[in-house]
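Data block below; observations after.
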Amino acid sequence: MSFFPQISFQCEVEEYLTKVFRNNELVAALGTQEVESKYQSLLSHLSHPPSFTTVRVNTHLASVKHVKKLLFEEIQKQFKGLCVPILEHPKLQDILLMPVIGPRRDLKKHASEVIVGAQCGYAVLRGAHVYVPGIISTSRFMKAGDLVSVYSDIEGKCKRGAKEFEGVKVFLGNGISELSRSEIFSSSGPLNGLGIRMIEPVYLSPSFDNVLPSHLFLQNLPSVVVSHVLNPQPGERILDMCAAPGGKTTHLATLMHDQGEVIAMDKIAKKVKKIKQNAELLQLNCIKAFCYDGTKSLSVEKREDERAGPPFLPESFDRVLLDAPCSGMGQRPNMAYSSTLKEVTSYQPLQRKLFTVAVKLLKPGGVLVYSTCTITLSENEEQVAWALETFPCLQLQPQEPHIGGEGMRGAGLSLDQLKLLQRFDPAAVTLRGMDINSLQDSREDDLISLANKDCIGFFIAKFIKSNSK
């Protein structure tokens with residue numbers, strides 16, 4: 001059941017992906033028809049939001065039960081008494097799951113239209129209201145208080161300030177304008193703040209704007225799994241190599257009970273500031289964030305103050321998380337992926353540079369977790385095959401919890417090796433909508449199983465370093 005069109009790619013990227021998902025290993029194992037069916041299903045899933053909103057509870061400050069109660073009261077207010085369950089996950093005991101209601105097909109469209117950018121549109125589909133920076137165009141006479149229909153310009157072709165737009169647009173739902181057209185587009189007008197308050201979104205999921213900010217962190221389910229797989233222990237020294245915006249960094253610190261040291265690096269200063277803000281908001285003190293390029297974070301000579309920050313001496317860390325920069329093709333919803341093939345294929349060399357540094361910074365006996373939020377072989381299973389061949393000191397390890405599927409064929413890894421990997425494949429379940437009636441008839445176990453599968457595309461590999469070579 002597809003509500004939106006399949007995700008679209010530039011032609012050269014589409015050709016590249018078609019080869020990846022029809023590779024010889026896959027076809028030999030599954031057959032041409034099954035391979036094609038799974039690929040088409042994946043493309044449909046990527047343009048739709050996941051079936052659940054996932055929030056991680058800051059267990060450093062409050063219990064899951066307490067936050068669940070507060071969140072239930074908040075959602076009752078937002079949904080005007082509509083009873084949507086909040087589920088606790090049996091294997092990820094610091095997250096709460098809320099089913100997303102939709103797509104709602106019976107919404108009436110209004111004459112007054114607002115066009116928003118693609119990124120803003122994707123946020124709306126996951127529960128956000130529309131903020132002024134995301135608005136590209138409005139109808140000519142829109143006033144504050146008007147009922148408006150909100151559309152996403154998925155191809156980025158609408159001109160800012162246009163009074164009408166006839167290009168490709170996707171209906172996101174209805175809202176009430178907080179500002180007039182002239183206030184939004186005047187040179188002295190507000191650059192920030194709420195523009196449209198969504199009252200009838202196509203997908204109904206809670207807004208987390210200023211909701212329990214020190215108790216909750218909005219995070220995709222596989223991103224939470226990563227930190228549990230790394231399994232940091234109190235008192236250890238942990239490196240998060242590409243850490244912004246700090247979701248996994250703060251999770252690692254929480255799992256360590258804020259005891260030890262979590263070094264977080266990112267090479268963009270604004271993003272490092274965000275990591276520090278999140279650490280402060282969640283009241284975590286063991287995090288030290290540095291603006292630094294991970295590829296240059298290995299030092300060859302001893303310094304007077306080795307604990308001051310990067311670069312670091314070899315074998316300085318008990319565990320390393322490399323949540324690598326990637327092509328991001330697993331992110332959902334995404335209806336039009338704009339990157340070129342050159343951009344898509346530029347990540348593999350960068351990931352290998354970072355990985356090489358990560359191995360050298362890891363102590364013997366230490367754990368390295370590599371993860372991406374993409375679906376390609378070249379950034380996932382091929383990287384594992386390369387790592388095992390390049391670094392004899394590394395061994396693949398079982399992952400706990402293991403919630404995703406096994407790795408994808410096509411990179412020459414054995415079946416036993418593929419079973420040690422986690423690939424979260426949105427196409428692992430049938431694309432379906434959720435309404436209140438079907439929700440009330442569903443068993444909790446079935447809903448948890450759906451949440452585990454119908455999430456973003458993601459990949460995790462776990463290694464142990466056996467010696468100091």
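By order in the structure tokens, chains are A, B, ...; within a chain, residues start at 1; ligands start at 1, following the order shown.
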Contact table segment 303-366 of chain A vs segment 237-240 of chain A, cut-off 6 Å, shortest pair per residue, only C-alpha atoms, as JSON lines:
{"residue": "A:Phe317", "atom": "CA", "partner": "A:Arg237", "partner_atom": "CA", "distance": 5.3}
{"residue": "A:Asp318", "atom": "CA", "partner": "A:Arg237", "partner_atom": "CA", "distance": 5.5}
{"residue": "A:Arg319", "atom": "CA", "partner": "A:Ile238", "partner_atom": "CA", "distance": 5.1}
{"residue": "A:Val320", "atom": "CA", "partner": "A:Leu239", "partner_atom": "CA", "distance": 4.7}
{"residue": "A:Leu321", "atom": "CA", "partner": "A:Asp240", "partner_atom": "CA", "distance": 4.9}
*Taking the DSSP assignment computed from this structure's backbone, write out as a ChimeraX atom specification all residues of segment 83-263 of chain A that belong to strand (DSSP E).*
/A:87-88,95-99,113-117,130-131,135-138,147-153,170-177,194-201,216-218,237-240,261-263
*asked:* Would you pick out the contacts of Tyr122 of chain A at 9 Å or less, using only C-alpha atoms, so that residues sharing its chain but fewer than 4 positions from it are not included, and give the list as a list in words?
replied: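 Counting only C-alpha atoms, the residues come to Pro49, Gly117, Ala118, Arg126, Ala128, Ser152, Leu172, Arg332, Pro333, Asn334 and Met335 of chain A.
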Selected residues written out with N, CA and C atoms, as a PDB file, in the first residue's frame:
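The result, stored in result10.pdb:
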ATOM      1  N   PRO A  49       7.394   7.394   5.959  1.00  0.00           N
ATOM      2  CA  PRO A  49       8.016   7.391   7.297  1.00  0.00           C
ATOM      3  C   PRO A  49       7.925   6.012   7.950  1.00  0.00           C
ATOM      4  N   GLY A 117      10.044  23.169   1.856  1.00  0.00           N
ATOM      5  CA  GLY A 117      11.179  22.427   1.303  1.00  0.00           C
ATOM      6  C   GLY A 117      11.111  20.957   1.684  1.00  0.00           C
ATOM      7  N   ALA A 118      11.859  20.146   0.955  1.00  0.00           N
ATOM      8  CA  ALA A 118      11.804  18.695   1.159  1.00  0.00           C
ATOM      9  C   ALA A 118      12.163  18.301   2.589  1.00  0.00           C
ATOM     10  N   ARG A 126       7.083  13.262  10.185  1.00  0.00           N
ATOM     11  CA  ARG A 126       7.480  12.554  11.408  1.00  0.00           C
ATOM     12  C   ARG A 126       7.051  13.301  12.666  1.00  0.00           C
ATOM     13  N   ALA A 128       6.574  16.933  13.137  1.00  0.00           N
ATOM     14  CA  ALA A 128       6.939  18.333  13.406  1.00  0.00           C
ATOM     15  C   ALA A 128       5.883  19.295  12.863  1.00  0.00           C
ATOM     16  N   SER A 152       4.909  19.470   0.070  1.00  0.00           N
ATOM     17  CA  SER A 152       6.370  19.444  -0.005  1.00  0.00           C
ATOM     18  C   SER A 152       6.822  19.534  -1.459  1.00  0.00           C
ATOM     19  N   LEU A 172       1.016  16.979   2.529  1.00  0.00           N
ATOM     20  CA  LEU A 172       1.478  16.566   3.860  1.00  0.00           C
ATOM     21  C   LEU A 172       0.409  16.680   4.936  1.00  0.00           C
ATOM     22  N   ARG A 332      14.543   7.896   6.223  1.00  0.00           N
ATOM     23  CA  ARG A 332      13.142   7.909   5.804  1.00  0.00           C
ATOM     24  C   ARG A 332      12.389   8.988   6.558  1.00  0.00           C
ATOM     25  N   PRO A 333      11.374   9.621   5.920  1.00  0.00           N
ATOM     26  CA  PRO A 333      11.015   9.467   4.514  1.00  0.00           C
ATOM     27  C   PRO A 333      11.912  10.311   3.610  1.00  0.00           C
ATOM     28  N   ASN A 334      12.111   9.847   2.389  1.00  0.00           N
ATOM     29  CA  ASN A 334      12.875  10.602   1.386  1.00  0.00           C
ATOM     30  C   ASN A 334      12.294  10.256   0.012  1.00  0.00           C
ATOM     31  N   MET A 335      11.732  11.238  -0.646  1.00  0.00           N
ATOM     32  CA  MET A 335      11.044  10.979  -1.920  1.00  0.00           C
ATOM     33  C   MET A 335      11.907  11.301  -3.138  1.00  0.00           C
TER      34      MET A 335
END
*In segment 241-435 of chain A, DSSP helix (DSSP H, G or I) residues written as JSON, numbers by chain*: {"A": [247, 248, 249, 250, 251, 252, 253, 254, 255, 269, 270, 271, 272, 273, 274, 275, 276, 277, 278, 279, 280, 281, 294, 295, 296, 341, 342, 343, 344, 347, 348, 349, 350, 351, 352, 353, 354, 355, 356, 357, 358, 359, 360, 361, 381, 382, 383, 384, 385, 386, 387, 388, 389, 390, 415, 416, 417, 418, 419, 420, 426, 427, 428]}
